[in-house]
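J.: I am sharing start-v2.pdb, which consists of PDB, N, CA, C and O atoms:
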```pdb
ATOM      1  N   MET A   1      -2.552 -25.202 -13.395
ATOM      2  CA  MET A   1      -1.559 -24.194 -13.077
ATOM      3  C   MET A   1      -2.268 -23.036 -12.356
ATOM      4  O   MET A   1      -3.276 -22.559 -12.838
ATOM      5  N   PRO A   2      -1.730 -22.579 -11.246
ATOM      6  CA  PRO A   2      -2.384 -21.500 -10.514
ATOM      7  C   PRO A   2      -2.272 -20.172 -11.260
ATOM      8  O   PRO A   2      -1.377 -19.972 -12.069
ATOM      9  N   SER A   3      -3.192 -19.294 -10.969
ATOM     10  CA  SER A   3      -3.154 -17.962 -11.553
ATOM     11  C   SER A   3      -1.974 -17.189 -10.968
ATOM     12  O   SER A   3      -1.700 -17.272  -9.779
ATOM     13  N   THR A   4      -1.315 -16.443 -11.810
ATOM     14  CA  THR A   4      -0.177 -15.646 -11.330
ATOM     15  C   THR A   4      -0.557 -14.187 -11.138
ATOM     16  O   THR A   4       0.294 -13.366 -10.828
ATOM     17  N   ARG A   5      -1.828 -13.854 -11.326
ATOM     18  CA  ARG A   5      -2.253 -12.449 -11.250
ATOM     19  C   ARG A   5      -1.809 -11.792  -9.946
ATOM     20  O   ARG A   5      -1.229 -10.720  -9.957
ATOM     21  N   LYS A   6      -2.067 -12.445  -8.814
ATOM     22  CA  LYS A   6      -1.698 -11.875  -7.516
ATOM     23  C   LYS A   6      -0.182 -11.683  -7.415
ATOM     24  O   LYS A   6       0.291 -10.709  -6.839
ATOM     25  N   TYR A   7       0.572 -12.608  -7.973
ATOM     26  CA  TYR A   7       2.022 -12.613  -7.813
ATOM     27  C   TYR A   7       2.765 -11.898  -8.943
ATOM     28  O   TYR A   7       3.992 -11.806  -8.919
ATOM     29  N   ARG A   8       2.040 -11.377  -9.929
ATOM     30  CA  ARG A   8       2.679 -10.693 -11.059
ATOM     31  C   ARG A   8       3.584  -9.541 -10.610
ATOM     32  O   ARG A   8       4.696  -9.395 -11.134
ATOM     33  N   PRO A   9       3.177  -8.702  -9.634
ATOM     34  CA  PRO A   9       4.094  -7.625  -9.201
ATOM     35  C   PRO A   9       5.422  -8.163  -8.646
ATOM     36  O   PRO A   9       6.479  -7.590  -8.903
ATOM     37  N   LEU A  10       5.392  -9.282  -7.915
ATOM     38  CA  LEU A  10       6.623  -9.878  -7.397
ATOM     39  C   LEU A  10       7.455 -10.452  -8.536
ATOM     40  O   LEU A  10       8.676 -10.261  -8.583
ATOM     41  N   ILE A  11       6.809 -11.134  -9.466
ATOM     42  CA  ILE A  11       7.521 -11.698 -10.616
ATOM     43  C   ILE A  11       8.202 -10.575 -11.400
ATOM     44  O   ILE A  11       9.385 -10.682 -11.751
ATOM     45  N   ASN A  12       7.487  -9.493 -11.651
ATOM     46  CA  ASN A  12       8.073  -8.357 -12.385
ATOM     47  C   ASN A  12       9.229  -7.733 -11.607
ATOM     48  O   ASN A  12      10.247  -7.359 -12.194
ATOM     49  N   HIS A  13       9.064  -7.626 -10.296
ATOM     50  CA  HIS A  13      10.130  -7.082  -9.448
ATOM     51  C   HIS A  13      11.385  -7.952  -9.545
ATOM     52  O   HIS A  13      12.499  -7.438  -9.692
ATOM     53  N   LEU A  14      11.205  -9.258  -9.480
ATOM     54  CA  LEU A  14      12.344 -10.171  -9.552
ATOM     55  C   LEU A  14      13.017 -10.118 -10.917
ATOM     56  O   LEU A  14      14.240 -10.114 -11.017
ATOM     57  N   LYS A  15      12.216 -10.060 -11.971
ATOM     58  CA  LYS A  15      12.781 -10.002 -13.324
ATOM     59  C   LYS A  15      13.631  -8.756 -13.534
ATOM     60  O   LYS A  15      14.606  -8.780 -14.278
ATOM     61  N   SER A  16      13.255  -7.662 -12.884
ATOM     62  CA  SER A  16      14.001  -6.417 -13.079
ATOM     63  C   SER A  16      15.091  -6.211 -12.023
ATOM     64  O   SER A  16      15.794  -5.204 -12.067
ATOM     65  N   ALA A  17      15.237  -7.145 -11.111
ATOM     66  CA  ALA A  17      16.214  -7.007 -10.031
ATOM     67  C   ALA A  17      17.642  -7.001 -10.572
ATOM     68  O   ALA A  17      17.968  -7.734 -11.499
ATOM     69  N   VAL A  18      18.456  -6.179  -9.952
ATOM     70  CA  VAL A  18      19.877  -6.118 -10.276
ATOM     71  C   VAL A  18      20.592  -7.045  -9.299
ATOM     72  O   VAL A  18      20.315  -7.034  -8.109
ATOM     73  N   GLY A  19      21.497  -7.841  -9.812
ATOM     74  CA  GLY A  19      22.227  -8.769  -8.952
ATOM     75  C   GLY A  19      21.657 -10.173  -9.034
ATOM     76  O   GLY A  19      20.562 -10.392  -9.533
ATOM     77  N   ASP A  20      22.429 -11.100  -8.554
ATOM     78  CA  ASP A  20      22.055 -12.511  -8.641
ATOM     79  C   ASP A  20      21.489 -13.075  -7.356
ATOM     80  O   ASP A  20      20.973 -14.187  -7.348
ATOM     81  N   GLU A  21      21.591 -12.330  -6.260
ATOM     82  CA  GLU A  21      21.126 -12.857  -4.984
ATOM     83  C   GLU A  21      20.709 -11.704  -4.079
ATOM     84  O   GLU A  21      21.411 -10.698  -3.983
ATOM     85  N   PHE A  22      19.551 -11.847  -3.457
ATOM     86  CA  PHE A  22      19.093 -10.852  -2.489
ATOM     87  C   PHE A  22      18.015 -11.459  -1.609
ATOM     88  O   PHE A  22      17.509 -12.546  -1.883
ATOM     89  N   THR A  23      17.675 -10.750  -0.560
ATOM     90  CA  THR A  23      16.696 -11.222   0.410
ATOM     91  C   THR A  23      15.600 -10.185   0.579
ATOM     92  O   THR A  23      15.872  -8.986   0.575
ATOM     93  N   MET A  24      14.374 -10.675   0.702
ATOM     94  CA  MET A  24      13.223  -9.808   0.980
ATOM     95  C   MET A  24      12.516 -10.319   2.219
ATOM     96  O   MET A  24      12.357 -11.535   2.383
ATOM     97  N   THR A  25      12.087  -9.405   3.068
ATOM     98  CA  THR A  25      11.276  -9.817   4.205
ATOM     99  C   THR A  25       9.881 -10.184   3.695
ATOM    100  O   THR A  25       9.479  -9.774   2.593
ATOM    101  N   ILE A  26       9.150 -10.932   4.501
ATOM    102  CA  ILE A  26       7.777 -11.256   4.132
ATOM    103  C   ILE A  26       6.964  -9.971   3.968
ATOM    104  O   ILE A  26       6.129  -9.865   3.076
ATOM    105  N   GLU A  27       7.242  -8.982   4.788
ATOM    106  CA  GLU A  27       6.536  -7.707   4.680
ATOM    107  C   GLU A  27       6.808  -7.038   3.336
ATOM    108  O   GLU A  27       5.919  -6.441   2.734
ATOM    109  N   GLU A  28       8.047  -7.124   2.838
ATOM    110  CA  GLU A  28       8.372  -6.553   1.532
ATOM    111  C   GLU A  28       7.666  -7.309   0.410
ATOM    112  O   GLU A  28       7.186  -6.696  -0.548
ATOM    113  N   VAL A  29       7.591  -8.630   0.541
ATOM    114  CA  VAL A  29       6.860  -9.432  -0.446
ATOM    115  C   VAL A  29       5.383  -9.041  -0.420
ATOM    116  O   VAL A  29       4.768  -8.814  -1.459
ATOM    117  N   GLU A  30       4.824  -8.933   0.793
ATOM    118  CA  GLU A  30       3.410  -8.575   0.922
ATOM    119  C   GLU A  30       3.125  -7.160   0.416
ATOM    120  O   GLU A  30       2.026  -6.890  -0.069
ATOM    121  N   ALA A  31       4.092  -6.267   0.488
ATOM    122  CA  ALA A  31       3.900  -4.919  -0.044
ATOM    123  C   ALA A  31       3.676  -4.965  -1.557
ATOM    124  O   ALA A  31       2.983  -4.111  -2.113
ATOM    125  N   LEU A  32       4.221  -5.983  -2.205
ATOM    126  CA  LEU A  32       4.039  -6.143  -3.648
ATOM    127  C   LEU A  32       2.772  -6.927  -3.996
ATOM    128  O   LEU A  32       2.096  -6.601  -4.968
ATOM    129  N   VAL A  33       2.465  -7.974  -3.223
ATOM    130  CA  VAL A  33       1.387  -8.893  -3.606
ATOM    131  C   VAL A  33       0.159  -8.811  -2.721
ATOM    132  O   VAL A  33      -0.854  -9.436  -3.017
ATOM    133  N   GLY A  34       0.236  -8.081  -1.621
ATOM    134  CA  GLY A  34      -0.875  -8.046  -0.679
ATOM    135  C   GLY A  34      -0.697  -9.111   0.390
ATOM    136  O   GLY A  34       0.271  -9.881   0.368
ATOM    137  N   PRO A  35      -1.623  -9.167   1.336
ATOM    138  CA  PRO A  35      -1.506 -10.130   2.438
ATOM    139  C   PRO A  35      -1.396 -11.561   1.920
ATOM    140  O   PRO A  35      -2.062 -11.942   0.957
ATOM    141  N   MET A  36      -0.514 -12.326   2.567
ATOM    142  CA  MET A  36      -0.311 -13.722   2.190
ATOM    143  C   MET A  36      -0.861 -14.622   3.281
ATOM    144  O   MET A  36      -0.868 -14.254   4.449
ATOM    145  N   LYS A  37      -1.305 -15.795   2.885
ATOM    146  CA  LYS A  37      -1.852 -16.743   3.840
ATOM    147  C   LYS A  37      -0.745 -17.339   4.702
ATOM    148  O   LYS A  37       0.427 -17.295   4.344
ATOM    149  N   LYS A  38      -1.140 -17.916   5.808
ATOM    150  CA  LYS A  38      -0.182 -18.471   6.767
ATOM    151  C   LYS A  38       0.740 -19.515   6.126
ATOM    152  O   LYS A  38       1.931 -19.548   6.404
ATOM    153  N   TYR A  39       0.205 -20.358   5.242
ATOM    154  CA  TYR A  39       1.035 -21.417   4.657
ATOM    155  C   TYR A  39       2.138 -20.871   3.761
ATOM    156  O   TYR A  39       3.109 -21.573   3.459
ATOM    157  N   THR A  40       2.031 -19.607   3.338
ATOM    158  CA  THR A  40       3.091 -19.040   2.508
ATOM    159  C   THR A  40       4.312 -18.659   3.334
ATOM    160  O   THR A  40       5.337 -18.296   2.783
ATOM    161  N   ARG A  41       4.181 -18.758   4.640
ATOM    162  CA  ARG A  41       5.301 -18.435   5.535
ATOM    163  C   ARG A  41       5.978 -19.714   6.019
ATOM    164  O   ARG A  41       6.344 -19.839   7.182
ATOM    165  N   THR A  42       6.150 -20.662   5.098
ATOM    166  CA  THR A  42       6.765 -21.941   5.438
ATOM    167  C   THR A  42       7.855 -22.293   4.425
ATOM    168  O   THR A  42       7.826 -21.835   3.276
ATOM    169  N   LYS A  43       8.787 -23.113   4.864
ATOM    170  CA  LYS A  43       9.841 -23.583   3.959
ATOM    171  C   LYS A  43       9.249 -24.413   2.830
ATOM    172  O   LYS A  43       9.731 -24.375   1.710
ATOM    173  N   GLN A  44       8.183 -25.178   3.124
ATOM    174  CA  GLN A  44       7.574 -26.023   2.113
ATOM    175  C   GLN A  44       7.000 -25.190   0.966
ATOM    176  O   GLN A  44       7.105 -25.568  -0.196
ATOM    177  N   PHE A  45       6.393 -24.069   1.283
ATOM    178  CA  PHE A  45       5.806 -23.225   0.248
ATOM    179  C   PHE A  45       6.882 -22.720  -0.710
ATOM    180  O   PHE A  45       6.684 -22.694  -1.924
ATOM    181  N   TRP A  46       8.018 -22.312  -0.196
ATOM    182  CA  TRP A  46       9.078 -21.709  -1.000
ATOM    183  C   TRP A  46      10.091 -22.730  -1.508
ATOM    184  O   TRP A  46      11.080 -22.363  -2.146
ATOM    185  N   ALA A  47       9.885 -24.023  -1.250
ATOM    186  CA  ALA A  47      10.834 -25.056  -1.669
ATOM    187  C   ALA A  47      11.026 -25.056  -3.183
ATOM    188  O   ALA A  47      10.094 -24.795  -3.941
ATOM    189  N   ASN A  48      12.230 -25.382  -3.616
ATOM    190  CA  ASN A  48      12.576 -25.448  -5.040
ATOM    191  C   ASN A  48      12.398 -26.881  -5.528
ATOM    192  O   ASN A  48      13.339 -27.651  -5.584
ATOM    193  N   THR A  49      11.176 -27.222  -5.855
ATOM    194  CA  THR A  49      10.904 -28.570  -6.328
ATOM    195  C   THR A  49       9.707 -28.564  -7.256
ATOM    196  O   THR A  49       8.777 -27.789  -7.071
ATOM    197  N   VAL A  50       9.738 -29.412  -8.264
ATOM    198  CA  VAL A  50       8.604 -29.507  -9.178
ATOM    199  C   VAL A  50       7.515 -30.419  -8.618
ATOM    200  O   VAL A  50       6.452 -30.530  -9.196
ATOM    201  N   ASP A  51       7.784 -31.060  -7.480
ATOM    202  CA  ASP A  51       6.774 -31.919  -6.867
ATOM    203  C   ASP A  51       5.535 -31.133  -6.481
ATOM    204  O   ASP A  51       4.472 -31.697  -6.304
ATOM    205  N   TYR A  52       5.671 -29.854  -6.332
ATOM    206  CA  TYR A  52       4.559 -29.005  -5.936
ATOM    207  C   TYR A  52       4.284 -27.978  -7.027
ATOM    208  O   TYR A  52       4.136 -26.801  -6.755
ATOM    209  N   ASP A  53       4.222 -28.444  -8.271
ATOM    210  CA  ASP A  53       4.109 -27.510  -9.388
ATOM    211  C   ASP A  53       2.790 -26.751  -9.424
ATOM    212  O   ASP A  53       2.625 -25.861 -10.238
ATOM    213  N   GLY A  54       1.875 -27.038  -8.509
ATOM    214  CA  GLY A  54       0.653 -26.276  -8.428
ATOM    215  C   GLY A  54       0.755 -25.100  -7.481
ATOM    216  O   GLY A  54      -0.158 -24.296  -7.376
ATOM    217  N   ARG A  55       1.874 -24.977  -6.781
ATOM    218  CA  ARG A  55       2.043 -23.891  -5.807
ATOM    219  C   ARG A  55       2.342 -22.576  -6.507
ATOM    220  O   ARG A  55       3.097 -22.536  -7.476
ATOM    221  N   PRO A  56       1.793 -21.486  -5.989
ATOM    222  CA  PRO A  56       2.156 -20.188  -6.553
ATOM    223  C   PRO A  56       3.665 -19.931  -6.490
ATOM    224  O   PRO A  56       4.224 -19.338  -7.411
ATOM    225  N   ALA A  57       4.336 -20.380  -5.435
ATOM    226  CA  ALA A  57       5.782 -20.139  -5.321
ATOM    227  C   ALA A  57       6.541 -20.791  -6.467
ATOM    228  O   ALA A  57       7.516 -20.236  -6.971
ATOM    229  N   TRP A  58       6.094 -21.953  -6.914
ATOM    230  CA  TRP A  58       6.776 -22.619  -8.026
ATOM    231  C   TRP A  58       6.607 -21.798  -9.297
ATOM    232  O   TRP A  58       7.540 -21.648 -10.076
ATOM    233  N   VAL A  59       5.422 -21.236  -9.497
ATOM    234  CA  VAL A  59       5.182 -20.389 -10.658
ATOM    235  C   VAL A  59       6.067 -19.146 -10.590
ATOM    236  O   VAL A  59       6.668 -18.742 -11.589
ATOM    237  N   ILE A  60       6.174 -18.549  -9.407
ATOM    238  CA  ILE A  60       7.040 -17.383  -9.220
ATOM    239  C   ILE A  60       8.477 -17.751  -9.584
ATOM    240  O   ILE A  60       9.144 -17.042 -10.336
ATOM    241  N   GLN A  61       8.957 -18.873  -9.054
ATOM    242  CA  GLN A  61      10.328 -19.302  -9.307
ATOM    243  C   GLN A  61      10.563 -19.553 -10.794
ATOM    244  O   GLN A  61      11.560 -19.108 -11.358
ATOM    245  N   ARG A  62       9.639 -20.250 -11.422
ATOM    246  CA  ARG A  62       9.789 -20.598 -12.839
ATOM    247  C   ARG A  62       9.754 -19.349 -13.712
ATOM    248  O   ARG A  62      10.601 -19.160 -14.574
ATOM    249  N   GLU A  63       8.776 -18.484 -13.500
ATOM    250  CA  GLU A  63       8.616 -17.316 -14.365
ATOM    251  C   GLU A  63       9.673 -16.245 -14.119
ATOM    252  O   GLU A  63      10.067 -15.552 -15.048
ATOM    253  N   ALA A  64      10.108 -16.094 -12.888
ATOM    254  CA  ALA A  64      11.087 -15.051 -12.575
ATOM    255  C   ALA A  64      12.518 -15.539 -12.726
ATOM    256  O   ALA A  64      13.437 -14.733 -12.843
ATOM    257  N   GLY A  65      12.737 -16.858 -12.701
ATOM    258  CA  GLY A  65      14.081 -17.394 -12.879
ATOM    259  C   GLY A  65      14.942 -17.374 -11.635
ATOM    260  O   GLY A  65      16.159 -17.239 -11.717
ATOM    261  N   PHE A  66      14.311 -17.508 -10.470
ATOM    262  CA  PHE A  66      15.039 -17.509  -9.210
ATOM    263  C   PHE A  66      14.730 -18.771  -8.413
ATOM    264  O   PHE A  66      13.608 -19.267  -8.431
ATOM    265  N   ASP A  67      15.725 -19.280  -7.713
ATOM    266  CA  ASP A  67      15.495 -20.274  -6.677
ATOM    267  C   ASP A  67      15.261 -19.507  -5.392
ATOM    268  O   ASP A  67      15.694 -18.362  -5.250
ATOM    269  N   THR A  68      14.575 -20.154  -4.444
ATOM    270  CA  THR A  68      14.244 -19.469  -3.204
ATOM    271  C   THR A  68      14.593 -20.314  -1.993
ATOM    272  O   THR A  68      14.677 -21.531  -2.074
ATOM    273  N   ALA A  69      14.795 -19.635  -0.886
ATOM    274  CA  ALA A  69      14.991 -20.295   0.404
ATOM    275  C   ALA A  69      14.272 -19.436   1.441
ATOM    276  O   ALA A  69      14.431 -18.213   1.455
ATOM    277  N   PHE A  70      13.477 -20.064   2.274
ATOM    278  CA  PHE A  70      12.731 -19.351   3.306
ATOM    279  C   PHE A  70      13.480 -19.428   4.616
ATOM    280  O   PHE A  70      13.943 -20.495   5.024
ATOM    281  N   GLN A  71      13.626 -18.284   5.261
ATOM    282  CA  GLN A  71      14.273 -18.219   6.571
ATOM    283  C   GLN A  71      13.198 -17.892   7.591
ATOM    284  O   GLN A  71      12.496 -16.886   7.462
ATOM    285  N   LEU A  72      13.071 -18.755   8.601
ATOM    286  CA  LEU A  72      11.976 -18.654   9.557
ATOM    287  C   LEU A  72      12.101 -17.474  10.509
ATOM    288  O   LEU A  72      11.125 -16.798  10.811
ATOM    289  N   SER A  73      13.307 -17.217  10.991
ATOM    290  CA  SER A  73      13.451 -16.159  11.981
ATOM    291  C   SER A  73      14.687 -15.310  11.666
ATOM    292  O   SER A  73      15.799 -15.816  11.773
ATOM    293  N   PRO A  74      14.496 -14.104  11.236
ATOM    294  CA  PRO A  74      13.221 -13.463  10.931
ATOM    295  C   PRO A  74      12.671 -13.993   9.612
ATOM    296  O   PRO A  74      13.427 -14.499   8.781
ATOM    297  N   GLN A  75      11.369 -13.844   9.430
ATOM    298  CA  GLN A  75      10.732 -14.389   8.237
ATOM    299  C   GLN A  75      11.119 -13.578   7.010
ATOM    300  O   GLN A  75      10.782 -12.402   6.895
ATOM    301  N   ARG A  76      11.847 -14.227   6.123
ATOM    302  CA  ARG A  76      12.261 -13.597   4.878
ATOM    303  C   ARG A  76      12.552 -14.668   3.841
ATOM    304  O   ARG A  76      12.724 -15.840   4.168
ATOM    305  N   VAL A  77      12.603 -14.236   2.594
ATOM    306  CA  VAL A  77      12.845 -15.146   1.482
ATOM    307  C   VAL A  77      14.120 -14.716   0.779
ATOM    308  O   VAL A  77      14.283 -13.546   0.431
ATOM    309  N   GLN A  78      15.019 -15.667   0.602
ATOM    310  CA  GLN A  78      16.252 -15.405  -0.137
ATOM    311  C   GLN A  78      16.019 -15.837  -1.581
ATOM    312  O   GLN A  78      15.531 -16.944  -1.838
ATOM    313  N   PHE A  79      16.352 -14.967  -2.509
ATOM    314  CA  PHE A  79      16.208 -15.245  -3.930
ATOM    315  C   PHE A  79      17.589 -15.339  -4.550
ATOM    316  O   PHE A  79      18.430 -14.483  -4.333
ATOM    317  N   LYS A  80      17.805 -16.388  -5.342
ATOM    318  CA  LYS A  80      19.083 -16.577  -6.015
ATOM    319  C   LYS A  80      18.782 -16.887  -7.489
ATOM    320  O   LYS A  80      18.091 -17.857  -7.787
ATOM    321  N   ARG A  81      19.310 -16.030  -8.363
ATOM    322  CA  ARG A  81      19.041 -16.172  -9.797
ATOM    323  C   ARG A  81      19.588 -17.504 -10.306
ATOM    324  O   ARG A  81      20.724 -17.878 -10.006
ATOM    325  N   ARG A  82      18.772 -18.184 -11.101
ATOM    326  CA  ARG A  82      19.219 -19.444 -11.721
ATOM    327  C   ARG A  82      20.169 -19.139 -12.869
ATOM    328  O   ARG A  82      19.982 -18.187 -13.604
ATOM    329  N   LYS A  83      21.177 -19.955 -12.987
ATOM    330  CA  LYS A  83      22.133 -19.805 -14.089
ATOM    331  C   LYS A  83      21.644 -20.634 -15.266
ATOM    332  O   LYS A  83      21.193 -21.761 -15.100
ATOM    333  N   ALA A  84      21.740 -20.083 -16.450
ATOM    334  CA  ALA A  84      21.289 -20.775 -17.664
ATOM    335  C   ALA A  84      22.241 -21.858 -18.066
ATOM    336  O   ALA A  84      23.329 -21.970 -17.695
TER     337      ALA A  84
END
```
Please rewrite the model in this file as structure tokens.
T.:
Amino acid sequence: MPSTRKYRPLINHLKSAVGDEFTMTIEEVEALVGPMKKYTRTKQFWANTVDYDGRPAWVIQREAGFDTAFQLSPQRVQFKRRKA
């Protein structure tokens, strides 16, 4: 399981978010976690699947309780709260 230390500020931000759906630009995500590598700007990185359970994005999704969708242009991530 990857370390969540880098992504803890984003996870905490998502946990405290008001509302069930919102979008963040990559720049807003990076303001919380610091510079992200090129591969984090892909649909595959943010995909909602357990097939990649070693990815930091999967840990973010699991711990924060949100599904994600990556939008290429402009680069942003849509977060949608999972229903229990």
J.: List the spatial neighbours of A:Arg76 as a list in words - criterion: any atom at most 7 Å away, only N, CA, C and O atoms, same-chain residues fewer than 4 positions off excluded.
T.: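 Final neighbour list, sorted by chain and number: Thr23, Met24, Thr25, Ile26, Glu27, Ala69, Phe70, Gln71 and Leu72 of chain A.
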J.: Those residues you just picked out, can you put them in a file as a PDB file, in the coordinates of the input with N, CA, C and O atoms?
T.:
```
ATOM      1  N   THR A  23      17.675 -10.750  -0.560  1.00  0.00           N
ATOM      2  CA  THR A  23      16.696 -11.222   0.410  1.00  0.00           C
ATOM      3  C   THR A  23      15.600 -10.185   0.579  1.00  0.00           C
ATOM      4  O   THR A  23      15.872  -8.986   0.575  1.00  0.00           O
ATOM      5  N   MET A  24      14.374 -10.675   0.702  1.00  0.00           N
ATOM      6  CA  MET A  24      13.223  -9.808   0.980  1.00  0.00           C
ATOM      7  C   MET A  24      12.516 -10.319   2.219  1.00  0.00           C
ATOM      8  O   MET A  24      12.357 -11.535   2.383  1.00  0.00           O
ATOM      9  N   THR A  25      12.087  -9.405   3.068  1.00  0.00           N
ATOM     10  CA  THR A  25      11.276  -9.817   4.205  1.00  0.00           C
ATOM     11  C   THR A  25       9.881 -10.184   3.695  1.00  0.00           C
ATOM     12  O   THR A  25       9.479  -9.774   2.593  1.00  0.00           O
ATOM     13  N   ILE A  26       9.150 -10.932   4.501  1.00  0.00           N
ATOM     14  CA  ILE A  26       7.777 -11.256   4.132  1.00  0.00           C
ATOM     15  C   ILE A  26       6.964  -9.971   3.968  1.00  0.00           C
ATOM     16  O   ILE A  26       6.129  -9.865   3.076  1.00  0.00           O
ATOM     17  N   GLU A  27       7.242  -8.982   4.788  1.00  0.00           N
ATOM     18  CA  GLU A  27       6.536  -7.707   4.680  1.00  0.00           C
ATOM     19  C   GLU A  27       6.808  -7.038   3.336  1.00  0.00           C
ATOM     20  O   GLU A  27       5.919  -6.441   2.734  1.00  0.00           O
ATOM     21  N   ALA A  69      14.795 -19.635  -0.886  1.00  0.00           N
ATOM     22  CA  ALA A  69      14.991 -20.295   0.404  1.00  0.00           C
ATOM     23  C   ALA A  69      14.272 -19.436   1.441  1.00  0.00           C
ATOM     24  O   ALA A  69      14.431 -18.213   1.455  1.00  0.00           O
ATOM     25  N   PHE A  70      13.477 -20.064   2.274  1.00  0.00           N
ATOM     26  CA  PHE A  70      12.731 -19.351   3.306  1.00  0.00           C
ATOM     27  C   PHE A  70      13.480 -19.428   4.616  1.00  0.00           C
ATOM     28  O   PHE A  70      13.943 -20.495   5.024  1.00  0.00           O
ATOM     29  N   GLN A  71      13.626 -18.284   5.261  1.00  0.00           N
ATOM     30  CA  GLN A  71      14.273 -18.219   6.571  1.00  0.00           C
ATOM     31  C   GLN A  71      13.198 -17.892   7.591  1.00  0.00           C
ATOM     32  O   GLN A  71      12.496 -16.886   7.462  1.00  0.00           O
ATOM     33  N   LEU A  72      13.071 -18.755   8.601  1.00  0.00           N
ATOM     34  CA  LEU A  72      11.976 -18.654   9.557  1.00  0.00           C
ATOM     35  C   LEU A  72      12.101 -17.474  10.509  1.00  0.00           C
ATOM     36  O   LEU A  72      11.125 -16.798  10.811  1.00  0.00           O
TER      37      LEU A  72
END
```
J.: Residues of stretch 18-57 of chain A that have any atom at most 7 Å from an atom of stretch 3-7 of chain A: could you tabulate them with the shortest-distance atom pair and the distance in Å to one decimal, using all atoms listed in the file, ordered by chain and increasing number, as CSV?
T.:
```
residue,atom,partner,partner_atom,distance
A:Leu32,O,A:Lys6,O,4.9
A:Val33,CA,A:Lys6,O,3.9
A:Gly34,N,A:Lys6,O,5.8
A:Gly54,O,A:Ser3,N,6.9
A:Pro56,CA,A:Ser3,O,5.8
```
J.: Record the distance separating atom N of A:Trp58 and atom CA of A:Trp46, expressed in Å with one decimal.
T.: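 Pair atom N of A:Trp58 / atom CA of A:Trp46 returns 6.6 Å.
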J.: With 4 Å of padding per side, what axis-aligned box (centre and edge lengths, Å, one decimal) covers all the listed atoms of stretch 35-40 of chain A? Give it as lines of an AutoDock Vina configuration file.
T.:
```
center_x = 1.6
center_y = -15.4
center_z = 3.9
size_x = 15.4
size_y = 20.4
size_z = 13.8
```
J.: For this structure, which residues satisfy the selection - the PyMOL selection byres ((chain A and resi 11) around 8) - when it is evaluated on the file as given? I want them as a ChimeraX atom specification.
T.: /A:4,6-10,12-17,32,59-61,63-65
J.: Taking into account only C-alpha atoms, which residue in the set A:Gln44, A:Phe66, A:Met36, A:Arg55 is nearest to A:Gln78?
T.: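 Selected residue with least distance to A:Gln78: A:Phe66.
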J.: Using all atoms listed in the file, which of A:Gln75, A:Thr40, A:Thr49, A:Asp67 sits nearest A:Glu21?
T.: A:Asp67
J.: Using the chain letters and numbers from this document, which residues of chain A does DSSP assign to strand (DSSP E or B), as number ranges by chain?
T.: A: 21-25, 66-71, 76-81
J.: Would you return as a ChimeraX atom specification the members of stretch 14-82 of chain A that DSSP assigns to alpha helix (DSSP H) on this structure's backbone?
T.: /A:14-15,26-33,43-46,56-64
J.: Please, what distance in Å, to one decimal, runs between atom N of A:Pro35 and atom CA of A:Asp20?
T.: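 Between these atoms lies a distance of 25.9 Å.
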J.: Measure the distance from atom CA of A:Gly19 to atom CA of A:Lys83 in Å and round it to one decimal.
T.: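 Result for atom CA of A:Gly19 versus atom CA of A:Lys83: 12.2 Å, one decimal.
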J.: I'd like to know which of A:Lys38, A:Glu28, A:Asn48, A:Ala57 is closest to A:Arg82, using only C-alpha atoms.
T.: A:Asn48
J.: Would you mind telling me which residue in A:Phe22, A:Ala31, A:Thr42, A:Lys37 lies nearest to A:Ser73 when using only C-alpha atoms?
T.: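 Between A:Phe22, A:Ala31, A:Thr42, A:Lys37, the residue approaching A:Ser73 most closely is A:Thr42.
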